[in-house]
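Q: Structure supplied as coords.csv; contents: CSV, C-alpha atoms.
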chain,number,residue,atom,x,y,z
A,10,MET,CA,-16.3,7.9,8.1
A,11,THR,CA,-18.9,5.3,7.1
A,12,LEU,CA,-19.5,3.8,3.7
A,13,ASP,CA,-22.9,5.5,3.6
A,14,SER,CA,-21.3,8.9,4.0
A,15,VAL,CA,-18.9,8.1,1.2
A,16,ILE,CA,-21.9,7.2,-1.1
A,17,HIS,CA,-23.9,10.4,-0.1
A,18,ALA,CA,-21.0,12.8,-0.4
A,19,ASP,CA,-21.2,15.9,-2.6
A,20,PRO,CA,-20.1,15.3,-6.2
A,21,PRO,CA,-16.6,16.4,-7.2
A,22,ALA,CA,-16.3,20.2,-7.7
A,23,HIS,CA,-13.6,20.0,-10.4
A,24,PRO,CA,-14.2,19.2,-14.0
A,25,GLY,CA,-13.4,15.6,-15.0
A,26,ARG,CA,-14.7,12.2,-15.8
A,27,GLU,CA,-15.1,10.8,-12.3
A,28,ARG,CA,-18.2,8.6,-11.6
A,29,ARG,CA,-19.6,7.8,-8.2
A,30,PRO,CA,-22.7,6.1,-6.9
A,31,PRO,CA,-25.5,8.5,-6.3
A,32,ALA,CA,-27.4,6.2,-3.8
A,33,SER,CA,-26.6,3.9,-1.0
A,34,PRO,CA,-25.9,0.4,-2.3
A,35,ALA,CA,-28.0,-1.6,0.2
A,36,ALA,CA,-28.9,-1.7,3.8
A,37,ASP,CA,-27.9,-5.4,4.1
A,38,LEU,CA,-24.2,-4.8,3.3
A,39,ARG,CA,-21.6,-4.4,6.0
A,40,PRO,CA,-18.7,-2.4,4.7
A,41,PHE,CA,-15.2,-3.9,4.9
A,42,ALA,CA,-13.1,-2.5,7.7
A,43,VAL,CA,-10.0,-0.5,7.0
A,44,LEU,CA,-6.9,-2.7,7.4
A,45,GLN,CA,-3.8,-0.6,7.8
A,46,ALA,CA,-0.4,-2.1,7.2
A,47,GLY,CA,0.7,-4.4,9.9
A,48,ASP,CA,-2.5,-4.3,11.9
A,49,GLY,CA,-3.3,-7.7,13.4
A,50,VAL,CA,-0.3,-9.6,11.9
A,51,PRO,CA,0.7,-12.3,14.5
A,52,PRO,CA,4.1,-11.7,16.1
A,53,GLY,CA,6.9,-13.7,14.4
A,54,THR,CA,5.1,-14.1,11.1
A,55,ALA,CA,7.1,-13.4,8.0
A,56,TYR,CA,5.6,-10.1,6.8
A,57,LEU,CA,6.0,-7.7,4.0
A,58,SER,CA,4.4,-4.3,3.4
A,59,ALA,CA,4.7,-1.6,0.8
A,60,THR,CA,7.7,0.6,1.7
A,61,PRO,CA,10.2,2.5,-0.4
A,62,GLY,CA,12.7,-0.4,0.2
A,63,SER,CA,10.3,-3.2,-0.6
A,64,VAL,CA,8.5,-2.2,-3.8
A,65,LEU,CA,9.0,-1.2,-7.4
A,66,TRP,CA,6.4,0.9,-9.2
A,67,GLY,CA,5.8,-0.1,-12.8
A,68,ARG,CA,8.7,-2.5,-13.1
A,69,LEU,CA,9.3,-6.1,-12.1
A,70,PRO,CA,12.4,-7.1,-10.1
A,71,GLY,CA,15.5,-8.3,-11.9
A,72,PRO,CA,18.3,-10.8,-10.9
A,73,GLU,CA,20.4,-7.9,-9.6
A,74,ASP,CA,17.7,-6.8,-7.1
A,75,PRO,CA,18.5,-8.1,-3.6
A,76,PRO,CA,15.7,-9.9,-1.8
A,77,VAL,CA,13.6,-7.8,0.6
A,78,LEU,CA,12.6,-11.0,2.5
A,79,ARG,CA,13.9,-14.6,2.7
A,80,VAL,CA,11.7,-17.5,3.6
A,81,ALA,CA,12.0,-21.3,3.8
A,82,PRO,CA,9.8,-23.4,1.5
A,83,GLY,CA,6.3,-23.9,3.1
A,84,GLU,CA,6.7,-20.9,5.5
A,85,PRO,CA,3.6,-18.6,5.5
A,86,VAL,CA,4.2,-15.0,4.4
A,87,VAL,CA,1.7,-12.2,5.0
A,88,ILE,CA,1.9,-9.4,2.4
A,89,ASP,CA,0.0,-6.1,2.5
A,90,THR,CA,-0.5,-5.0,-1.1
A,91,VAL,CA,-1.3,-1.5,-2.4
A,92,SER,CA,-3.5,-0.7,-5.4
A,93,HIS,CA,-2.2,1.7,-8.0
A,94,GLU,CA,-5.6,3.3,-8.5
A,95,GLY,CA,-5.8,6.6,-6.6
A,96,ILE,CA,-2.1,7.2,-6.6
A,97,LEU,CA,-1.2,7.5,-10.3
A,98,GLU,CA,-0.1,10.7,-12.0
A,99,ASP,CA,-3.4,11.3,-13.8
A,100,GLN,CA,-5.0,11.1,-10.3
A,101,GLY,CA,-2.7,13.7,-8.8
A,102,ARG,CA,-0.3,11.2,-7.1
A,103,ASP,CA,-2.0,12.2,-3.8
A,104,PRO,CA,-4.5,9.6,-2.6
A,105,VAL,CA,-5.8,11.8,0.2
A,106,ALA,CA,-6.7,14.6,-2.2
A,107,PHE,CA,-8.0,12.2,-4.9
A,108,MET,CA,-10.3,10.3,-2.5
A,109,ALA,CA,-11.5,13.7,-1.1
A,110,ARG,CA,-13.0,14.4,-4.5
A,111,TYR,CA,-15.4,11.5,-3.8
A,112,GLY,CA,-16.1,12.5,-0.2
A,113,ILE,CA,-13.7,9.9,1.2
A,114,GLY,CA,-11.9,11.1,4.3
A,115,ALA,CA,-8.3,10.6,5.1
A,116,ASP,CA,-9.3,7.9,7.7
A,117,LEU,CA,-10.3,5.7,4.8
A,118,VAL,CA,-7.0,6.0,3.0
A,119,LEU,CA,-4.1,3.6,3.6
A,120,ARG,CA,-1.0,5.0,5.1
A,121,ASP,CA,1.3,2.8,2.9
A,122,ALA,CA,-0.5,4.0,-0.2
A,123,ILE,CA,0.3,7.6,0.8
A,124,ASP,CA,4.0,6.7,1.4
A,125,VAL,CA,4.3,5.0,-1.9
A,126,ALA,CA,2.8,7.9,-3.8
A,127,ARG,CA,5.1,10.4,-2.0
A,128,THR,CA,8.4,8.5,-2.0
A,129,VAL,CA,8.6,5.7,-4.6
A,130,PRO,CA,10.0,6.6,-8.1
A,131,HIS,CA,7.6,6.1,-11.0
A,132,ARG,CA,8.8,6.9,-14.5
A,133,ALA,CA,6.6,7.9,-17.5
A,134,GLY,CA,6.0,4.8,-19.6
A,135,ASP,CA,6.4,2.3,-16.8
A,136,GLY,CA,3.5,0.1,-15.8
A,137,PRO,CA,1.0,1.2,-13.1
A,138,HIS,CA,1.5,-1.7,-10.7
A,139,VAL,CA,3.0,-1.5,-7.2
A,140,VAL,CA,5.1,-4.7,-7.0
A,141,LEU,CA,6.3,-6.1,-3.7
A,142,GLY,CA,9.5,-8.1,-3.6
A,143,PRO,CA,11.6,-10.0,-4.5
A,144,ILE,CA,11.2,-12.6,-1.9
A,145,ALA,CA,13.9,-15.3,-1.8
A,146,VAL,CA,12.7,-18.9,-1.3
A,147,THR,CA,15.7,-20.8,0.1
A,148,GLY,CA,16.8,-23.7,-2.0
A,149,ALA,CA,14.9,-22.9,-5.2
A,150,ARG,CA,17.0,-23.6,-8.3
A,151,PRO,CA,16.5,-23.1,-12.0
A,152,GLY,CA,14.6,-26.2,-13.3
A,153,ASP,CA,12.4,-26.4,-10.2
A,154,MET,CA,8.8,-25.2,-10.2
A,155,LEU,CA,7.7,-22.8,-7.5
A,156,ALA,CA,4.2,-23.6,-6.2
A,157,VAL,CA,2.7,-20.3,-4.9
A,158,ARG,CA,-0.2,-21.4,-2.6
A,159,ILE,CA,-2.7,-18.6,-2.0
A,160,GLU,CA,-4.0,-19.4,1.5
A,161,ASP,CA,-6.0,-16.3,2.3
A,162,LEU,CA,-6.9,-12.9,0.8
A,163,ARG,CA,-8.5,-10.2,2.9
A,164,PRO,CA,-9.8,-6.8,1.7
A,165,ARG,CA,-8.2,-3.7,3.2
A,166,LEU,CA,-10.7,-1.0,2.2
A,167,PRO,CA,-14.5,-0.8,1.6
A,168,TYR,CA,-14.0,0.8,-1.8
A,169,GLY,CA,-11.9,0.9,-5.0
A,170,PHE,CA,-12.0,2.0,-8.6
A,171,VAL,CA,-12.4,0.7,-12.2
A,172,SER,CA,-10.5,3.0,-14.6
A,173,SER,CA,-10.7,3.5,-18.4
A,174,ARG,CA,-8.0,5.5,-20.1
A,175,HIS,CA,-7.6,6.5,-23.7
A,176,GLY,CA,-5.6,4.3,-26.0
A,177,ARG,CA,-6.1,1.3,-23.6
A,178,GLY,CA,-8.7,-1.4,-23.1
A,179,ALA,CA,-10.6,-3.4,-25.6
A,180,LEU,CA,-12.1,-0.4,-27.3
A,181,PRO,CA,-9.2,2.1,-27.7
A,182,GLY,CA,-10.3,5.3,-29.4
A,183,GLU,CA,-14.0,4.5,-28.7
A,184,MET,CA,-14.0,4.4,-24.9
A,185,PRO,CA,-14.0,6.6,-22.8
A,186,GLU,CA,-16.5,8.6,-24.8
A,187,GLY,CA,-15.2,12.0,-23.8
A,188,PRO,CA,-11.8,13.6,-23.0
A,189,GLY,CA,-9.9,12.4,-20.1
A,190,SER,CA,-10.0,9.2,-18.1
A,191,THR,CA,-13.0,7.7,-16.4
A,192,PHE,CA,-12.7,6.6,-12.8
A,193,VAL,CA,-15.7,4.6,-11.5
A,194,LEU,CA,-16.0,4.3,-7.8
A,195,CYS,CA,-17.0,0.8,-6.5
A,196,THR,CA,-18.0,0.1,-2.9
A,197,ALA,CA,-17.7,-3.2,-1.2
A,198,GLY,CA,-18.8,-5.1,1.9
A,199,ASP,CA,-20.2,-8.4,3.3
A,200,GLY,CA,-23.7,-9.3,2.3
A,201,PRO,CA,-26.0,-12.1,3.3
A,202,ASP,CA,-24.5,-14.4,0.7
A,203,GLY,CA,-20.9,-13.3,0.8
A,204,PRO,CA,-18.8,-10.3,-0.3
A,205,VAL,CA,-20.5,-8.0,-2.7
A,206,GLY,CA,-19.4,-5.0,-4.8
A,207,CYS,CA,-21.6,-2.1,-5.9
A,208,ILE,CA,-21.7,0.5,-8.6
A,209,GLY,CA,-24.3,3.2,-8.3
A,210,THR,CA,-26.3,4.5,-11.2
A,211,PRO,CA,-29.2,7.1,-11.4
A,212,ALA,CA,-31.6,4.2,-11.9
A,213,GLY,CA,-30.3,2.1,-9.0
A,214,THR,CA,-27.4,0.1,-7.8
A,215,ILE,CA,-25.6,-2.7,-9.7
A,216,ARG,CA,-24.5,-5.5,-7.3
A,217,PHE,CA,-22.0,-8.2,-8.2
A,218,PRO,CA,-20.2,-10.9,-6.3
A,219,LEU,CA,-16.5,-10.4,-5.4
A,220,GLY,CA,-13.6,-12.7,-6.0
A,221,PHE,CA,-10.4,-11.5,-4.4
A,222,PHE,CA,-7.2,-12.2,-6.3
A,223,LEU,CA,-3.7,-10.9,-7.1
A,224,GLY,CA,-3.2,-9.8,-10.7
A,225,VAL,CA,0.6,-10.0,-10.5
A,226,ILE,CA,2.4,-13.1,-9.2
A,227,GLY,CA,5.7,-14.0,-10.7
A,228,VAL,CA,9.3,-15.0,-10.4
A,229,VAL,CA,12.4,-13.1,-11.6
A,230,ARG,CA,13.3,-14.2,-15.1
A,231,ALA,CA,16.9,-14.9,-16.3
A,232,GLY,CA,18.7,-12.0,-18.0
A,233,ARG,CA,19.4,-8.5,-16.9
A,234,GLY,CA,17.3,-5.5,-16.0
A,235,ARG,CA,13.8,-4.8,-14.7
A,236,PRO,CA,11.1,-5.6,-17.2
A,237,SER,CA,7.8,-3.6,-17.4
A,238,SER,CA,5.1,-4.7,-15.1
A,239,ILE,CA,2.5,-4.6,-17.8
A,240,PRO,CA,3.0,-7.7,-20.1
A,241,PRO,CA,2.8,-11.2,-18.5
A,242,GLY,CA,5.0,-14.0,-19.6
A,243,TRP,CA,6.1,-17.5,-18.7
A,244,HIS,CA,7.7,-16.0,-15.6
A,245,GLY,CA,4.1,-15.1,-14.5
A,246,GLY,CA,3.8,-11.4,-13.7
A,247,ASN,CA,0.6,-9.6,-14.7
A,248,LEU,CA,-1.5,-12.7,-15.5
A,249,ASP,CA,-4.9,-11.3,-14.3
A,250,ILE,CA,-6.4,-14.8,-13.9
A,251,SER,CA,-9.5,-14.3,-11.8
A,252,LEU,CA,-9.6,-18.0,-10.8
A,253,LEU,CA,-6.5,-17.6,-8.6
A,254,THR,CA,-8.4,-16.9,-5.5
A,255,ALA,CA,-7.8,-18.2,-2.0
A,256,GLY,CA,-7.2,-21.9,-2.0
A,257,SER,CA,-5.6,-21.9,-5.5
A,258,THR,CA,-2.0,-22.6,-6.5
A,259,LEU,CA,0.0,-21.1,-9.3
A,260,PHE,CA,3.0,-23.1,-10.5
A,261,LEU,CA,5.9,-21.1,-12.0
A,262,PRO,CA,9.1,-22.3,-13.6
A,263,VAL,CA,12.1,-21.1,-11.5
A,264,GLN,CA,14.6,-19.2,-13.6
A,265,VAL,CA,17.2,-17.8,-11.1
A,266,PRO,CA,18.5,-19.1,-7.7
A,267,ASP,CA,16.0,-18.6,-4.8
A,268,ALA,CA,13.2,-18.0,-7.4
A,269,LEU,CA,12.9,-14.3,-6.3
A,270,VAL,CA,9.1,-14.1,-6.3
A,271,TYR,CA,7.0,-10.9,-6.3
A,272,VAL,CA,3.3,-10.0,-6.1
A,273,GLY,CA,1.0,-7.0,-6.6
A,274,ASP,CA,-2.0,-5.6,-8.5
A,275,PRO,CA,-4.7,-6.6,-6.0
A,276,HIS,CA,-8.3,-7.0,-7.2
A,277,TYR,CA,-11.7,-7.4,-5.6
A,278,ALA,CA,-13.4,-8.6,-8.8
A,279,GLN,CA,-12.7,-9.0,-12.6
A,280,GLY,CA,-14.6,-10.3,-15.5
A,281,ASP,CA,-12.7,-12.5,-18.0
A,282,GLY,CA,-11.2,-10.1,-20.6
A,283,GLU,CA,-10.8,-7.1,-18.2
A,284,VAL,CA,-12.1,-5.1,-21.2
A,285,ALA,CA,-12.3,-1.5,-19.8
A,286,LEU,CA,-8.6,-1.7,-18.9
A,287,THR,CA,-8.7,-2.4,-15.2
A,288,ALA,CA,-10.6,-4.6,-12.8
A,289,PHE,CA,-12.1,-3.6,-9.5
A,290,GLU,CA,-8.8,-2.3,-8.2
A,291,ALA,CA,-8.5,-2.4,-4.4
A,292,PRO,CA,-5.8,-3.4,-1.8
A,293,LEU,CA,-5.6,-6.9,-0.3
A,294,ARG,CA,-3.7,-8.6,2.5
A,295,ALA,CA,-2.4,-11.9,1.1
A,296,THR,CA,-1.2,-14.9,3.0
A,297,LEU,CA,1.0,-17.1,0.8
A,298,ARG,CA,3.2,-20.2,1.0
A,299,PHE,CA,6.0,-21.0,-1.5
A,300,ASP,CA,6.7,-24.7,-2.0
A,301,LEU,CA,9.2,-26.3,-4.4
A,302,VAL,CA,8.4,-28.9,-7.0
A,303,PRO,CA,11.6,-30.7,-8.2
A,304,ALA,CA,12.1,-31.7,-11.8
A,305,GLY,CA,10.5,-35.1,-12.5
A,306,ALA,CA,7.6,-34.6,-10.0
A,307,ALA,CA,4.1,-35.1,-11.3
A,308,GLU,CA,3.3,-31.4,-10.9
A,309,HIS,CA,6.4,-30.3,-12.9
A,310,MET,CA,5.4,-29.0,-16.3
A,311,GLY,CA,8.1,-26.5,-17.3
A,312,VAL,CA,5.5,-23.8,-18.0
A,313,LEU,CA,3.2,-22.0,-15.6
A,314,TYR,CA,-0.3,-23.3,-14.8
A,315,GLY,CA,-2.8,-23.0,-11.9
A,316,GLU,CA,-4.7,-25.4,-9.8
A,317,THR,CA,-7.6,-25.4,-7.4
A,318,ASP,CA,-9.4,-28.1,-5.4
A,319,ASP,CA,-11.7,-28.6,-8.4
A,320,LEU,CA,-9.8,-27.3,-11.5
A,321,LEU,CA,-6.7,-27.6,-13.5
A,322,ILE,CA,-5.9,-24.2,-15.1
A,323,PRO,CA,-3.7,-24.3,-18.2
A,324,VAL,CA,-2.4,-20.9,-19.4
A,325,GLY,CA,-1.5,-19.6,-22.8
A,326,LEU,CA,0.2,-16.2,-23.5
A,327,ASP,CA,1.1,-14.4,-26.6
A,328,GLU,CA,0.7,-10.9,-28.2
A,329,ASP,CA,-1.6,-12.6,-30.7
A,330,LEU,CA,-4.8,-14.0,-29.1
A,331,ASP,CA,-5.0,-16.9,-31.5
A,332,ARG,CA,-1.5,-18.0,-30.6
A,333,ALA,CA,-2.3,-17.6,-26.9
A,334,MET,CA,-5.3,-19.9,-27.4
A,335,THR,CA,-3.1,-22.5,-29.1
A,336,ALA,CA,-0.6,-22.4,-26.3
A,337,CYS,CA,-3.3,-22.8,-23.7
A,338,VAL,CA,-4.8,-25.9,-25.4
A,339,ARG,CA,-1.3,-27.4,-25.9
A,340,ASN,CA,-0.5,-26.9,-22.2
A,341,GLY,CA,-3.9,-28.4,-21.3
A,342,LEU,CA,-3.0,-31.5,-23.2
A,343,ASP,CA,0.3,-31.7,-21.4
A,344,LEU,CA,-1.5,-31.3,-18.0
A,345,LEU,CA,-4.0,-34.1,-18.8
A,346,THR,CA,-1.5,-36.6,-20.2
A,347,SER,CA,1.0,-36.0,-17.3
A,348,ARG,CA,-1.7,-36.4,-14.6
A,349,TYR,CA,-3.9,-39.1,-16.0
A,350,PRO,CA,-3.4,-42.2,-18.1
A,351,LEU,CA,-4.7,-40.6,-21.3
A,352,ASP,CA,-3.3,-40.5,-24.8
A,353,ARG,CA,-3.2,-37.1,-26.5
A,354,ALA,CA,-6.0,-37.8,-29.0
A,355,THR,CA,-8.4,-38.8,-26.2
A,356,ALA,CA,-7.3,-35.8,-24.1
A,357,TYR,CA,-7.9,-33.5,-27.0
A,358,ALA,CA,-11.4,-34.8,-27.5
A,359,TYR,CA,-12.1,-34.4,-23.8
A,360,LEU,CA,-11.0,-30.8,-23.9
A,361,SER,CA,-13.3,-30.1,-26.8
A,362,VAL,CA,-16.4,-31.5,-25.2
A,363,ALA,CA,-15.9,-30.7,-21.5
A,364,ALA,CA,-13.3,-28.0,-20.8
A,365,ASP,CA,-13.8,-24.2,-21.0
A,366,PHE,CA,-11.3,-21.7,-22.3
A,367,ALA,CA,-11.6,-18.1,-21.5
A,368,VAL,CA,-9.7,-14.9,-22.3
A,369,SER,CA,-8.0,-13.8,-19.1
A,370,GLN,CA,-7.3,-10.3,-20.4
A,371,VAL,CA,-6.8,-8.4,-23.7
A,372,VAL,CA,-5.4,-5.2,-22.2
A,373,ASP,CA,-1.8,-6.0,-21.2
A,374,GLN,CA,0.1,-6.1,-24.5
A,375,VAL,CA,0.6,-9.9,-24.1
A,376,LYS,CA,-2.9,-11.4,-24.2
A,377,GLY,CA,-3.8,-14.3,-21.9
A,378,VAL,CA,-6.1,-17.4,-22.2
A,379,HIS,CA,-6.8,-19.8,-19.4
A,380,GLY,CA,-8.6,-23.1,-19.3
A,381,ARG,CA,-11.0,-24.7,-16.8
A,382,ILE,CA,-10.5,-28.5,-16.6
A,383,ARG,CA,-12.7,-30.2,-14.0
A,384,LYS,CA,-10.8,-32.8,-11.9
A,385,ALA,CA,-14.1,-34.6,-11.0
A,386,ASP,CA,-14.6,-35.6,-14.6
A,387,LEU,CA,-11.3,-37.5,-14.6
A,388,ALA,CA,-11.4,-39.0,-11.0
A,389,ALA,CA,-12.1,-42.6,-12.2
A,390,LEU,CA,-8.9,-42.6,-14.2
A,391,LEU,CA,-6.8,-42.1,-11.0
A,392,ASP,CA,-8.5,-45.2,-9.5
A,393,SER,CA,-7.6,-47.5,-12.4
A,394,GLY,CA,-4.0,-47.9,-11.3
A,395,THR,CA,-2.7,-47.2,-14.8
A,396,PRO,CA,0.2,-44.9,-14.7
A,397,ALA,CA,0.3,-41.6,-16.5
A,398,THR,CA,2.9,-40.8,-19.1
A,399,PRO,CA,4.9,-37.7,-18.1
A,400,ALA,CA,4.4,-34.9,-20.6
A,401,PRO,CA,7.5,-33.4,-22.3
A,402,VAL,CA,8.8,-30.4,-20.5
A,403,ARG,CA,8.4,-27.5,-22.9
A,404,PRO,CA,11.0,-24.8,-22.4
A,405,PHE,CA,9.4,-21.4,-21.9
A,406,PRO,CA,9.9,-18.9,-24.8
A,407,PRO,CA,12.6,-16.3,-24.4
A,408,PRO,CA,11.4,-13.1,-22.8
A,409,LYS,CA,10.4,-10.2,-25.0
A,410,ALA,CA,12.2,-6.9,-24.5
A,411,LEU,CA,9.3,-5.0,-22.9
Represent the structure of the file as C-alpha cells.

A:
Amino acid sequence: MTLDSVIHADPPAHPGRERRPPASPAADLRPFAVLQAGDGVPPGTAYLSATPGSVLWGRLPGPEDPPVLRVAPGEPVVIDTVSHEGILEDQGRDPVAFMARYGIGADLVLRDAIDVARTVPHRAGDGPHVVLGPIAVTGARPGDMLAVRIEDLRPRLPYGFVSSRHGRGALPGEMPEGPGSTFVLCTAGDGPDGPVGCIGTPAGTIRFPLGFFLGVIGVVRAGRGRPSSIPPGWHGGNLDISLLTAGSTLFLPVQVPDALVYVGDPHYAQGDGEVALTAFEAPLRATLRFDLVPAGAAEHMGVLYGETDDLLIPVGLDEDLDRAMTACVRNGLDLLTSRYPLDRATAYAYLSVAADFAVSQVVDQVKGVHGRIRKADLAALLDSGTPATPAPVRPFPPPKAL
C-alpha cells in the first residue's frame, strides 16, 4: 500500500473524532519505507526490540528489574522503538483495526506494535509510553554521569498521529471541542530539502520539517518500585526535549549500579510546549552509545543536561513552571562556569542577552524548561588558557511518588 492510497482512503465509517488528510500531501515527497523489527540490523550488533520480555508499558524500570541487555561503555546499540499511538485502549488496543479506519493496510503496521498491544500488560492509570529496557552499562556506578550519545534516528513508518484527550494538554476542558479524543493523522516522507511531515485540511496541506527524537531517555532511580512513565525527573525519563536529535548527547546522573538505562516515546516532530498533549508520535530505530563520565570530569554536573555540536542545553524540571525556569537558569550558570573561565555574574548577564529558554512541555505533570547556549559565542574563552572553576555538584532532588 502506498502513502497516496492512505491519503485517498474512504473516511472512517464509525462515529468518532478521527481526522485524516483529504488530499495528497505533495508529489515531491517520497514516503518513508516500512522498517520492521530487526530488518537490516548488522549481524553481531547489540540489538533490542519491543517484545513482552524487553518492555514495560506505562511504567519505568526499577532497581529490581533485571537488565534485558548488557553493553560495554562505548558499544553501539540499535533499538527499535514502538509508538503508543494506535495501540492504546481508547484506540481499541488493536493497531491493525485502528489503522484500517484510516485506510491503512496491515502491511503498513509494525509487527512488534501488534505484539505489544496483544501481550504486554497495561494498567488503567499508567502512562501511555512503551519503554524498552533496562540496559546495563558495565562499570557504571552511582556518582558517575552516563552520556547517552544519539548517533542515528531512522523513521520506521510513513505516518503517525497527534492526539488530544480530555483533561490533558495545555487547554484541558477546552480542547478537544467535542466528546471523545481527537486523533490527527500525519504523513511523512523525504522532500527536496529533507524529511517533511504533512497534515491535510480541506483548504490544502500543512507541511512542516521533521526532527526525530526520543521523548523518553532515562536511568533507573534509587529506591524501589516502577514509577509512572509520565513525569520526567532528574533521572531523565519523559523529558520531551526536541533538541535531542541525532548527534546530540544527554548526560544523566547514575543512581544505581550499571545505570540501567531505558528509552521510548519516539517522535517525528514536536513544537516546544507539546501543547495538544502529544507530538507527532511515530516509531523510530535508534542507534545509541553509552559512555561514562567519572566524578570530577569537566562534563560532570550532578544533574542532567544535553549537548550538541553547537549548543549546551541546561534543563529545569518542576511541577511549577516558574520553578522549572529557575532550575534551568541555575543549571545554565553551572554549565557556563564549569566549562569556561567565567564568574557567575558575567555568566548570568550572558544568559540574559544571548541564551534562549523554551518550555519543553507542559503536559507531563512535571513541567520542563530547556536552554539553548551557543558554544560559538564562548569559543574565545577556551583559547585564553585561563582555567574554568568547576561548578558545585548539586544533588538531584528526591523523586516524587508518581

Q: Output as JSON lines one row per residue of range 17-117 of chain A within 10 Å of range 149-159 of chain A: the closest atom pair and its distance in Å to one decimal place, counting all atoms listed in the file, sorted by chain and residue number ascending.

A:
{"residue": "A:Ala81", "atom": "CA", "partner": "A:Ala149", "partner_atom": "CA", "distance": 9.6}
{"residue": "A:Pro82", "atom": "CA", "partner": "A:Ala149", "partner_atom": "CA", "distance": 8.4}
{"residue": "A:Gly83", "atom": "CA", "partner": "A:Arg158", "partner_atom": "CA", "distance": 9.0}
{"residue": "A:Pro85", "atom": "CA", "partner": "A:Arg158", "partner_atom": "CA", "distance": 9.4}

Q: If I take CA of Ser92 in chain A and CA of Leu261 in chain A, how far is one from the other in Å, to one decimal?

A: 23.4 Å

Q: List the spatial neighbours of range 355-361 of chain A as number ranges by chain - criterion: any atom at most 10 Å away, all atoms listed in the file, same-chain residues fewer than 4 positions off excluded.

A: A: 338-339, 341-346, 349-351, 365-366, 380-382, 386-387

Q: Grab the CA of Gly377 in chain A to CA of Leu326 in chain A distance for me, in Å with one decimal place.

A: 4.7 Å

Q: Report, in Å to a single decimal, how far apart CA of Val129 in chain A and CA of Gly114 in chain A are.

A: 23.0 Å

Q: Measuring atom to atom with all atoms listed in the file, identify which of A:Val378, A:Val229, A:Glu316, A:Val43 is nearest to Leu330 in chain A.

A: A:Val378

Q: Using only C-alpha atoms, tabulate the residues of range 286-389 of chain A lying at most 9 Å from any atom of range 130-148 of chain A, each with its closest atom pair and that distance in Å to one decimal, by chain and increasing residue number, as a tab-separated table.

A:
residue	atom	partner	partner_atom	distance
A:Phe299	CA	A:Val146	CA	7.0
A:Asp300	CA	A:Val146	CA	8.4
A:Leu301	CA	A:Gly148	CA	8.4

Q: Based on the selection just made, write C-alpha atoms of those residues as a JSON list (two decimals), keeping the file's coordinate frame.

A:
[["chain", "number", "residue", "atom", "x", "y", "z"],
["A", 299, "PHE", "CA", 6.00, -21.00, -1.50],
["A", 300, "ASP", "CA", 6.70, -24.70, -2.00],
["A", 301, "LEU", "CA", 9.20, -26.30, -4.40]]

Q: Atoms are missing here; could range 198-202 of chain A be completed with all heavy atoms and written as a short mmCIF file (atom, residue, chain, number, x, y, z; two decimals), in the frame of the given file?

A:
data_model
loop_
_atom_site.label_atom_id
_atom_site.label_comp_id
_atom_site.auth_asym_id
_atom_site.auth_seq_id
_atom_site.Cartn_x
_atom_site.Cartn_y
_atom_site.Cartn_z
N GLY A 198 -18.57 -4.70 0.52
CA GLY A 198 -18.80 -5.10 1.90
C GLY A 198 -19.33 -6.56 1.89
O GLY A 198 -19.47 -7.22 0.85
N ASP A 199 -19.61 -7.04 3.09
CA ASP A 199 -20.20 -8.40 3.30
C ASP A 199 -21.67 -8.32 3.22
O ASP A 199 -22.31 -7.55 3.94
CB ASP A 199 -19.70 -8.96 4.61
CG ASP A 199 -18.24 -9.35 4.61
OD1 ASP A 199 -17.81 -10.02 3.65
OD2 ASP A 199 -17.51 -8.97 5.55
N GLY A 200 -22.26 -9.15 2.36
CA GLY A 200 -23.70 -9.30 2.30
C GLY A 200 -24.17 -10.59 2.84
O GLY A 200 -23.37 -11.40 3.33
N PRO A 201 -25.47 -10.86 2.77
CA PRO A 201 -26.00 -12.10 3.30
C PRO A 201 -25.42 -13.36 2.70
O PRO A 201 -25.33 -14.41 3.35
CB PRO A 201 -27.52 -12.00 3.04
CG PRO A 201 -27.77 -10.55 2.87
CD PRO A 201 -26.54 -9.98 2.25
N ASP A 202 -25.00 -13.26 1.43
CA ASP A 202 -24.50 -14.40 0.70
C ASP A 202 -23.02 -14.35 0.39
O ASP A 202 -22.53 -15.10 -0.46
CB ASP A 202 -25.30 -14.65 -0.57
CG ASP A 202 -26.78 -14.86 -0.30
OD1 ASP A 202 -27.11 -15.64 0.61
OD2 ASP A 202 -27.60 -14.24 -1.00
#
